[in-house]
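Enquirer: mmCIF, C-alpha atoms, file model.cif:
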```cif
data_entry
loop_
_atom_site.label_atom_id
_atom_site.label_comp_id
_atom_site.auth_asym_id
_atom_site.auth_seq_id
_atom_site.Cartn_x
_atom_site.Cartn_y
_atom_site.Cartn_z
CA MET N 464 97.09 -76.16 -7.32
CA LYS N 465 93.78 -74.73 -8.55
CA LYS N 466 94.06 -71.71 -6.25
CA ALA N 467 97.48 -70.99 -7.73
CA LEU N 468 96.07 -71.22 -11.26
CA PHE N 469 92.84 -69.31 -10.60
CA LYS N 470 92.39 -66.15 -12.66
CA GLY N 471 89.81 -63.39 -12.47
CA ASP N 472 86.96 -62.90 -10.05
CA THR N 473 83.35 -64.03 -9.58
CA ASP N 474 82.57 -63.37 -13.25
CA THR N 475 85.43 -65.47 -14.63
CA TRP N 476 84.83 -69.12 -15.47
CA ASN N 477 87.99 -71.08 -14.71
CA LEU N 478 87.90 -74.37 -16.61
CA TYR N 479 90.59 -76.93 -15.84
CA LEU N 480 91.27 -79.78 -18.27
CA ILE N 481 92.84 -82.76 -16.53
CA ASP N 482 93.54 -86.43 -17.21
CA THR N 483 91.20 -87.87 -14.59
CA VAL N 484 88.31 -86.21 -12.77
CA ILE N 485 87.19 -87.75 -9.50
CA GLY N 486 83.55 -86.91 -8.77
CA SER N 487 81.88 -86.39 -5.41
CA SER N 488 81.14 -90.14 -5.29
CA GLY N 489 84.88 -90.86 -5.33
CA LYS N 490 84.62 -92.46 -8.78
CA GLN N 491 85.96 -91.26 -12.10
CA ALA N 492 83.68 -88.70 -13.74
CA LEU N 493 83.44 -86.74 -16.98
CA GLY N 494 83.62 -83.45 -15.10
CA LYS N 495 82.53 -81.55 -12.04
CA ALA N 496 81.77 -77.95 -11.22
CA SER N 497 81.09 -75.64 -8.37
CA THR N 498 77.84 -73.71 -8.38
CA PRO N 499 77.34 -70.07 -7.40
CA PHE N 500 76.27 -71.18 -3.94
CA SER N 501 78.58 -74.17 -3.28
CA ALA N 502 82.05 -72.65 -3.21
CA GLY N 503 83.83 -69.42 -2.53
CA LEU N 504 82.86 -67.34 -5.54
CA SER N 505 86.32 -65.92 -5.93
CA SER N 506 87.88 -69.36 -6.39
CA ASP N 507 85.19 -71.55 -7.90
CA HIS N 508 85.81 -73.50 -11.09
CA SER N 509 84.93 -76.44 -13.30
CA THR N 510 87.06 -79.47 -14.06
CA VAL N 511 86.64 -81.54 -17.22
CA ASP N 512 88.35 -84.77 -18.28
CA ILE N 513 90.48 -83.90 -21.29
CA ASP N 514 89.22 -87.03 -23.07
CA THR N 515 85.72 -85.46 -23.25
CA LEU N 516 87.00 -82.97 -25.82
CA PRO N 517 86.75 -83.70 -29.57
CA GLY N 518 89.05 -86.58 -30.42
CA GLY N 519 89.05 -87.85 -26.83
CA ASN N 520 88.57 -91.40 -25.63
CA TRP N 521 85.32 -91.19 -23.61
CA LYS N 522 82.90 -93.33 -25.61
CA ASN N 523 79.76 -91.26 -26.40
CA TYR N 524 81.17 -88.25 -24.55
CA ALA N 525 84.00 -86.87 -26.69
CA LEU N 526 82.39 -83.96 -28.55
CA GLY N 527 83.06 -81.31 -25.90
CA LYS N 528 79.54 -81.18 -24.45
CA THR N 529 80.77 -81.98 -20.93
CA ALA N 530 82.31 -78.50 -20.74
CA VAL N 531 78.95 -76.97 -21.73
CA HIS N 532 77.21 -79.09 -19.05
CA GLU N 533 79.70 -78.01 -16.37
CA CYS N 534 79.36 -74.35 -17.38
CA GLY N 535 75.61 -74.81 -16.84
CA HIS N 536 76.33 -75.86 -13.25
CA TRP N 537 78.72 -72.91 -12.81
CA LEU N 538 75.81 -70.68 -13.86
CA GLY N 539 73.51 -72.33 -11.31
CA LEU N 540 71.63 -74.92 -13.37
CA ALA N 541 70.73 -78.31 -11.89
CA HIS N 542 70.45 -81.64 -13.67
CA THR N 543 67.20 -82.17 -15.55
CA PHE N 544 66.64 -85.32 -13.48
CA GLN N 545 67.01 -83.47 -10.15
CA GLY N 546 64.17 -84.63 -7.93
CA GLY N 547 63.01 -87.38 -10.28
CA CYS N 548 59.26 -87.58 -10.94
CA ASP N 549 58.27 -86.06 -7.60
CA ASP N 550 56.15 -82.94 -7.41
CA GLY N 551 58.96 -81.03 -5.72
CA LEU N 552 61.07 -78.36 -7.32
CA GLY N 553 63.02 -80.72 -9.59
CA ASP N 554 65.55 -78.61 -11.46
CA ALA N 555 63.48 -75.49 -10.59
CA VAL N 556 62.85 -74.72 -14.26
CA ASP N 557 59.26 -75.12 -15.44
CA ASP N 558 60.00 -75.92 -19.09
CA THR N 559 62.23 -78.94 -18.49
CA PRO N 560 60.06 -82.04 -18.15
CA PRO N 561 60.68 -84.13 -15.04
CA GLU N 562 62.75 -87.24 -15.51
CA LYS N 563 63.08 -90.18 -13.12
CA SER N 564 66.79 -90.67 -13.75
CA ALA N 565 69.54 -89.55 -16.09
CA SER N 566 69.37 -90.61 -19.72
CA SER N 567 72.20 -92.72 -21.07
CA SER N 568 71.12 -92.90 -24.71
CA CYS N 569 69.53 -90.79 -27.42
CA LYS N 570 66.44 -93.00 -27.45
CA PRO N 571 63.31 -90.99 -26.52
CA ARG N 572 61.69 -92.15 -23.29
CA ASP N 573 59.05 -91.05 -20.82
CA SER N 574 60.24 -92.02 -17.36
CA CYS N 575 57.51 -89.92 -15.69
CA PRO N 576 54.39 -90.92 -17.68
CA HIS N 577 52.06 -89.13 -15.24
CA LYS N 578 53.84 -85.83 -16.00
CA PRO N 579 53.78 -83.83 -19.24
CA GLY N 580 56.65 -84.15 -21.71
CA LEU N 581 59.24 -86.71 -22.70
CA ASN N 582 62.61 -86.88 -21.00
CA PRO N 583 64.81 -83.97 -22.10
CA ILE N 584 67.47 -86.12 -23.80
CA ASN N 585 68.63 -83.16 -25.93
CA ASN N 586 69.29 -80.96 -22.91
CA TYR N 587 72.85 -80.13 -21.93
CA MET N 588 71.97 -80.69 -18.26
CA ASP N 589 71.05 -84.36 -18.74
CA TYR N 590 73.61 -87.20 -19.00
CA SER N 591 72.70 -88.15 -22.58
CA PRO N 592 75.54 -88.88 -25.01
CA ASP N 593 77.15 -85.80 -26.53
CA SER N 594 75.58 -86.51 -29.91
CA CYS N 595 72.11 -85.91 -28.36
CA MET N 596 72.88 -82.68 -26.52
CA THR N 597 71.78 -79.60 -28.45
CA GLU N 598 69.92 -77.22 -26.16
CA PHE N 599 69.18 -75.31 -23.04
CA THR N 600 65.51 -74.39 -22.62
CA PRO N 601 64.36 -70.75 -22.51
CA GLY N 602 63.61 -71.24 -18.80
CA GLN N 603 67.15 -72.49 -18.17
CA TYR N 604 68.51 -69.44 -19.96
CA ILE N 605 66.41 -67.18 -17.71
CA ARG N 606 67.50 -69.04 -14.56
CA ALA N 607 71.18 -68.93 -15.54
CA ARG N 608 70.83 -65.20 -16.21
CA GLN N 609 69.22 -64.70 -12.77
CA PHE N 610 72.11 -66.53 -11.12
CA TRP N 611 74.61 -64.50 -13.14
CA GLU N 612 73.03 -61.24 -12.04
CA LEU N 613 72.76 -62.29 -8.38
CA PHE N 614 76.09 -64.03 -7.90
CA ARG N 615 78.50 -63.25 -10.72
CA ASP N 616 77.84 -59.86 -12.30
CA PRO N 617 80.68 -57.62 -11.06
CA LYS N 618 78.36 -54.58 -11.24
CA VAL N 619 76.02 -56.06 -8.63
CA ALA N 620 76.76 -56.32 -4.92
CA ALA N 621 77.42 -59.80 -3.56
CA PRO N 622 74.24 -61.51 -2.32
CA SER N 623 73.63 -62.21 1.31
CA ALA N 624 73.37 -65.72 2.70
CA SER N 625 69.58 -65.33 2.69
CA THR N 626 69.33 -64.63 -1.06
CA THR N 627 66.82 -66.93 -2.72
CA ILE N 628 66.07 -67.71 -6.34
CA GLN N 629 62.50 -68.34 -7.38
CA GLN N 630 61.44 -71.24 -9.56
CA THR N 631 61.70 -70.14 -13.17
CA ALA N 632 58.66 -70.23 -15.39
CA ALA N 633 59.25 -70.59 -19.09
CA PRO N 634 58.37 -67.58 -21.20
CA SER N 635 55.12 -67.90 -23.11
CA ALA N 636 54.26 -66.70 -26.58
CA SER N 637 51.19 -66.62 -28.75
CA ILE N 638 51.23 -66.96 -32.51
#
```
Would you write out, as structure tokens, the structure that this file holds?
Expert:
Amino acid sequence: MKKALFKGDTDTWNLYLIDTVIGSSGKQALGKASTPFSAGLSSDHSTVDIDTLPGGNWKNYALGKTAVHECGHWLGLAHTFQGGCDDGLGDAVDDTPPEKSASSSCKPRDSCPHKPGLNPINNYMDYSPDSCMTEFTPGQYIRARQFWELFRDPKVAAPSASTTIQQTAAPSASI
């Protein structure tokens, strides 16, 4: 059905609103999305449970922020809790503090006390309630822009299978 409904090309975000989203775990989910490197770029999309929109029935998740979160995935962003507290790449964005697991409340916490920063409960790429979500970091913006230019910009040739994205450092400023 989605292939029949698909519009546009690699630079077009197709968002489908449906009654029930089944996630990769086989359980009901708020939404799901393909990433620039996980699906055929000419048919990738995001799916969002219609009850996550304003007025919907998902407790704590009915302000429309799920669509923003899924668009982040479509642009190549990972969850802020990707990799947990390990020293690995995590979400590959330097200015999002590591987080052991997804947040489920707006209460500040530090799940990786040996690492700098509190959990990014206000970040769209966490699982915090919609009322908490207010931001992408500057580093996430840069990373999403890199993915756009490499995978989605119609003026740029399609990347090869060996294309890599470097970890994104946050911009710095002095006052």
Enquirer: Between CA of Asp482 (chain N) and CA of Ile513 (chain N), what is the spacing in Å?
Expert: 5.7 Å
Enquirer: In Å to one decimal, how far is CA of Cys595 (chain N) from CA of Asn582 (chain N)?
Expert: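 The value is 12.1 Å.
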Enquirer: Counting all atoms listed in the file, which residues have an atom no more than 9 Å from (66.9, -78.7, -16.1) in the file's coordinates? Please list them as a list in words.
Expert: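 Looking at atoms near the point gives Leu540, Ala541, His542, Thr543, Phe544, Gln545, Gly553, Asp554, Ala555, Val556, Asp557, Asp558, Thr559, Pro560, Pro561, Pro583, Asn586, Tyr587, Met588, Asp589, Phe599, Thr600, Gly602 and Gln603 of chain N.
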Enquirer: Quick one, how far is CA of Ser497 (chain N) from CA of Gln609 (chain N)?
Expert: 16.7 Å
Enquirer: Hey, what's within 12 Å of His577 (chain N) if we count all atoms listed in the file and toss same-chain stuff fewer than 2 positions away? As a ChimeraX atom specification, please?
Expert: /N:548-550,560-563,573-575,579-581
Enquirer: Neighbours of Asp474 (chain N) within 10 Å (all atoms listed in the file; same-chain residues fewer than 3 positions away dropped), as an mmCIF file with C-alpha atoms, in the coordinates of the input?
Expert:
```
data_model
loop_
_atom_site.group_PDB
_atom_site.id
_atom_site.type_symbol
_atom_site.label_atom_id
_atom_site.label_comp_id
_atom_site.auth_asym_id
_atom_site.auth_seq_id
_atom_site.Cartn_x
_atom_site.Cartn_y
_atom_site.Cartn_z
ATOM 1 C CA GLY N 471 89.810 -63.390 -12.470
ATOM 2 C CA ASN N 477 87.990 -71.080 -14.710
ATOM 3 C CA LEU N 504 82.860 -67.340 -5.540
ATOM 4 C CA SER N 505 86.320 -65.920 -5.930
ATOM 5 C CA LEU N 538 75.810 -70.680 -13.860
ATOM 6 C CA TRP N 611 74.610 -64.500 -13.140
ATOM 7 C CA GLU N 612 73.030 -61.240 -12.040
ATOM 8 C CA PHE N 614 76.090 -64.030 -7.900
ATOM 9 C CA ARG N 615 78.500 -63.250 -10.720
ATOM 10 C CA ASP N 616 77.840 -59.860 -12.300
ATOM 11 C CA PRO N 617 80.680 -57.620 -11.060
ATOM 12 C CA LYS N 618 78.360 -54.580 -11.240
#
```
Enquirer: Can you work out which one of N:Thr515, N:Ser591, N:Asn523, N:Ser568 has the shortest atom-to-atom distance to Leu480 (chain N), counting only C-alpha atoms?
Expert: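 Using only C-alpha atoms, the shortest distance to Leu480 (chain N) belongs to N:Thr515.
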Enquirer: Which one of N:Ser594, N:Cys569, N:Leu613, N:Lys470 sits closest to Asp507 (chain N) if you count all atoms listed in the file?
Expert: N:Lys470
Enquirer: Smallest atom-to-atom distance to Pro499 (chain N): which of N:Val511, N:Cys534, N:Ile584, N:Val484, using all atoms listed in the file?
Expert: N:Cys534
Enquirer: Of the residues N:Met596, N:Leu478, N:Leu516, N:Ala607, which is the one nearest to Ser566 (chain N), using only C-alpha atoms?
Expert: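 Closest residue, counting only C-alpha atoms: N:Met596.
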Enquirer: Let me make sure I understand: among N:Ala467, N:Ile605, N:Leu493, N:Ile481, which one has the smallest atom-to-atom distance to Tyr590 (chain N) if we use all atoms listed in the file?
Expert: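 Of N:Ala467, N:Ile605, N:Leu493, N:Ile481, the one nearest Tyr590 (chain N) is N:Leu493, counting all atoms listed in the file.
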Enquirer: Hey, what comes out of the PyMOL selection byres ((chain N and resi 526) around 8) on this file? Could you write it as number ranges by chain?
Expert: N: 515-519, 524-525, 527-528, 593-594
Enquirer: Put the listed atoms of region 541-555 of chain N in a box along x, y and z with 8 Å added on every side and give me the centre and edge lengths in Å to one decimal, as lines of an AutoDock Vina configuration file.
Expert:
```
center_x = 63.4
center_y = -81.5
center_z = -10.6
size_x = 30.6
size_y = 28.1
size_z = 25.8
```
Enquirer: Return the single residue from N:Pro571, N:Gly546, N:Pro576, N:Gly539 that is closest to Phe500 (chain N), with distances computed using all atoms listed in the file.
Expert: N:Gly539
